[in-house]
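Structure first, commentary second.
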Amino acid sequence: MSTLVVLAYDEPHNAEEVRLKLQKLQNEYLLDLADVVVAVKDKAGEAKLHHATNLIPDDMVFQGFCGSYATTGAASGTLAAVGINDHFMKTLTSMLTLGNSALFVLTRTPTPSKDRLLEELRGLGGKVLMTSLSHEDASRLQAALSAPKLAGS
């Protein structure tokens, strides 16, 4: 069952930092990412979308194949398949304050270890704008994101 989470951040780079953390957690098999998009409301007030182009864990990628970002005019197929297209993402991002960012995350399957995943996300900040998680799981996610970082994290 797919899960959608949209997070908002006060700084333009925060969503990208969390995206990198999520890809690291995928490489540790704590997540099964289907699609990730970073959206930034730039200083001109425009929403810029950055689609992840490689969500395959690093150990499954052939030598020399480099995963990166692409700013494109077409939504990633997986998010678009669940009704989250570029127009929707840009509209939602346009509601943010200048310089803010949002992270659109779609996972394929539930995490095998919710508690460990929440601990890894502890203190990363952000506000849950929308999600397909249960109310209880959304509250637990928001609590983990808002909690103080642990020493050494």
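By convention here, the chains of the structure tokens are called A, B, ... in the order presented, each chain's residues are numbered starting at 1, and ligands are numbered starting at 1 in the order presented.
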
Legend entry - Contacts of Ala138 of chain A within 8 Å, only C-alpha atoms, excl. fewer than 5 positions in-chain, as a VMD selection string: chain A and resid 128 131 133

Do you know which residues are at most 12 Å from Ser94 of chain A counting only C-alpha atoms, after dropping those on the same chain fewer than 2 positions away, and could you put them as a compact mmCIF listing (two decimals) with N, CA and C atoms, in the first residue's frame?
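As a result, selection04.txt now contains:
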# COMPACT_ATOMS: atom_id res chain seq x y z
N ALA A 8 6.41 20.59 4.80
CA ALA A 8 6.80 21.96 4.49
C ALA A 8 7.96 22.37 5.39
N ALA A 39 10.10 20.79 -3.79
CA ALA A 39 9.52 22.00 -4.38
C ALA A 39 10.00 23.19 -3.57
N VAL A 40 10.45 24.23 -4.25
CA VAL A 40 10.95 25.43 -3.59
C VAL A 40 10.21 26.63 -4.15
N LYS A 41 9.76 27.50 -3.26
CA LYS A 41 9.18 28.77 -3.70
C LYS A 41 10.32 29.77 -3.70
N ASP A 42 10.79 30.13 -4.91
CA ASP A 42 11.97 30.99 -5.00
C ASP A 42 11.64 32.44 -4.65
N LYS A 43 12.67 33.26 -4.62
CA LYS A 43 12.51 34.66 -4.22
C LYS A 43 11.62 35.45 -5.17
N ALA A 44 11.43 34.96 -6.38
CA ALA A 44 10.53 35.60 -7.34
C ALA A 44 9.08 35.14 -7.14
N GLY A 45 8.88 34.20 -6.21
CA GLY A 45 7.54 33.71 -5.93
C GLY A 45 7.11 32.54 -6.78
N GLU A 46 8.02 32.02 -7.61
CA GLU A 46 7.69 30.88 -8.47
C GLU A 46 8.00 29.56 -7.77
N ALA A 47 7.18 28.57 -8.02
CA ALA A 47 7.40 27.24 -7.49
C ALA A 47 8.27 26.46 -8.47
N LYS A 48 9.40 25.99 -8.00
CA LYS A 48 10.30 25.16 -8.81
C LYS A 48 10.25 23.74 -8.28
N LEU A 49 10.05 22.79 -9.18
CA LEU A 49 9.97 21.38 -8.80
C LEU A 49 11.23 20.66 -9.22
N ASP A 86 2.25 17.94 -11.45
CA ASP A 86 3.02 19.18 -11.31
C ASP A 86 2.14 20.36 -10.94
N HIS A 87 0.96 20.45 -11.54
CA HIS A 87 0.07 21.58 -11.26
C HIS A 87 -0.30 21.59 -9.77
N PHE A 88 -0.66 20.44 -9.23
CA PHE A 88 -1.02 20.35 -7.82
C PHE A 88 0.17 20.75 -6.94
N MET A 89 1.37 20.22 -7.24
CA MET A 89 2.55 20.52 -6.43
C MET A 89 2.89 22.01 -6.49
N LYS A 90 2.81 22.60 -7.68
CA LYS A 90 3.10 24.03 -7.81
C LYS A 90 2.06 24.88 -7.09
N THR A 91 0.81 24.47 -7.15
CA THR A 91 -0.25 25.21 -6.46
C THR A 91 -0.02 25.17 -4.95
N LEU A 92 0.25 23.99 -4.43
CA LEU A 92 0.51 23.86 -2.99
C LEU A 92 1.75 24.66 -2.59
N LEU A 96 3.17 28.63 0.05
CA LEU A 96 4.24 28.79 1.03
C LEU A 96 4.79 30.21 1.00
N THR A 97 5.50 30.59 2.04
CA THR A 97 6.19 31.88 2.10
C THR A 97 7.40 31.82 1.19
N LEU A 98 7.80 32.97 0.66
CA LEU A 98 8.99 33.03 -0.21
C LEU A 98 10.18 32.37 0.48
N GLY A 99 10.92 31.58 -0.27
CA GLY A 99 12.11 30.91 0.25
C GLY A 99 11.82 29.61 0.98
N ASN A 100 10.57 29.24 1.14
CA ASN A 100 10.24 27.99 1.81
C ASN A 100 10.28 26.83 0.81
N SER A 101 10.26 25.62 1.34
CA SER A 101 10.30 24.44 0.47
C SER A 101 9.31 23.39 0.97
N ALA A 102 9.02 22.46 0.10
CA ALA A 102 8.13 21.34 0.43
C ALA A 102 8.75 20.06 -0.12

Legend entry - Expected answer as a ChimeraX atom specification: helix (DSSP H, G or I) residues in segment 3-58 of chain A: /A:14-27,58

Those same residues, written as a short mmCIF file (atom, residue, chain, number, x, y, z; two decimals), in the first residue's frame with N, CA and C atoms?
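Writing done, so here's result22.cif:
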data_model
loop_
_atom_site.label_atom_id
_atom_site.label_comp_id
_atom_site.auth_asym_id
_atom_site.auth_seq_id
_atom_site.Cartn_x
_atom_site.Cartn_y
_atom_site.Cartn_z
N ASN A 14 16.07 22.89 3.24
CA ASN A 14 15.66 21.85 4.19
C ASN A 14 15.02 20.64 3.52
N ALA A 15 14.16 20.85 2.56
CA ALA A 15 13.50 19.71 1.89
C ALA A 15 14.54 18.84 1.19
N GLU A 16 15.53 19.47 0.57
CA GLU A 16 16.59 18.71 -0.10
C GLU A 16 17.39 17.89 0.91
N GLU A 17 17.71 18.46 2.06
CA GLU A 17 18.45 17.74 3.09
C GLU A 17 17.67 16.51 3.57
N VAL A 18 16.38 16.66 3.75
CA VAL A 18 15.56 15.54 4.19
C VAL A 18 15.44 14.51 3.08
N ARG A 19 15.36 14.95 1.83
CA ARG A 19 15.33 14.01 0.70
C ARG A 19 16.58 13.14 0.71
N LEU A 20 17.73 13.76 0.93
CA LEU A 20 18.99 13.00 0.98
C LEU A 20 18.97 11.99 2.12
N LYS A 21 18.43 12.40 3.27
CA LYS A 21 18.31 11.49 4.42
C LYS A 21 17.38 10.33 4.08
N LEU A 22 16.27 10.61 3.41
CA LEU A 22 15.33 9.54 3.04
C LEU A 22 15.98 8.55 2.08
N GLN A 23 16.78 9.04 1.14
CA GLN A 23 17.45 8.13 0.22
C GLN A 23 18.48 7.28 0.96
N LYS A 24 19.14 7.86 1.97
CA LYS A 24 20.07 7.08 2.80
C LYS A 24 19.30 5.98 3.54
N LEU A 25 18.13 6.33 4.08
CA LEU A 25 17.32 5.34 4.79
C LEU A 25 16.81 4.27 3.84
N GLN A 26 16.56 4.62 2.60
CA GLN A 26 16.17 3.61 1.61
C GLN A 26 17.33 2.65 1.37
N ASN A 27 18.54 3.18 1.30
CA ASN A 27 19.71 2.32 1.12
C ASN A 27 19.89 1.36 2.28
N ASP A 58 21.55 2.35 -3.67
CA ASP A 58 22.88 2.44 -4.26
C ASP A 58 23.48 1.10 -4.63
#

Inset, instruction - Name the residues in contact with segment 113-124 of chain A at a cut-off of 10 Å, using only C-alpha atoms, excluding same-chain residues fewer than 4 positions from it; report them as a PyMOL selection string. - result: chain A and resi 9+14-15+17-18+21-22+25+29-31+137+140-150+153

Inset, instruction - Might you pull out every residue within 8 Å of Asp32 of chain A, with only C-alpha atoms counted and same-chain residues fewer than 4 positions away left off, and present them as an MDAnalysis selection string? - result: chainID A and resid 26 107:111

Selection above as a file: C-alpha atoms, as a compact mmCIF listing (two decimals), in the first residue's frame:
# COMPACT_ATOMS: atom_id res chain seq x y z
CA GLN A 26 16.17 3.61 1.61
CA THR A 107 6.49 5.17 -0.59
CA ARG A 108 5.57 1.82 -2.15
CA THR A 109 5.22 -0.39 0.92
CA PRO A 110 5.00 0.16 4.68
CA THR A 111 8.30 0.39 6.51

Legend entry - Which residue of A:Val38, A:Leu4, A:Ala52, A:Leu129 approaches Ile84 of chain A most closely, using only C-alpha atoms: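 Checking each candidate against Ile84 of chain A, we get A:Leu4 as the closest.
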
Write out as an mmCIF file with C-alpha atoms, in the first residue's frame each polymer residue whose atoms come within 6 Å of Leu106 of chain A, counting only C-alpha atoms; drop sequence neighbours fewer than 4 positions from it.
data_model
loop_
_atom_site.group_PDB
_atom_site.id
_atom_site.type_symbol
_atom_site.label_atom_id
_atom_site.label_comp_id
_atom_site.auth_asym_id
_atom_site.auth_seq_id
_atom_site.Cartn_x
_atom_site.Cartn_y
_atom_site.Cartn_z
ATOM 1 C CA THR A 3 1.787 6.211 1.456
ATOM 2 C CA LEU A 4 1.918 9.905 0.589
ATOM 3 C CA ALA A 34 8.395 5.278 -5.135
ATOM 4 C CA ASP A 35 8.781 8.994 -5.857
#

Legend entry - Distance of atom CA of His51 of chain A from atom CA of Ser139 of chain A, expressed in Å to one decimal place: 26.8 Å

Inset, instruction - Using only C-alpha atoms, find the one residue out of A:Met95, A:Val36, A:Ala80, A:Leu103 that sits nearest to Val6 of chain A. - result: A:Leu103
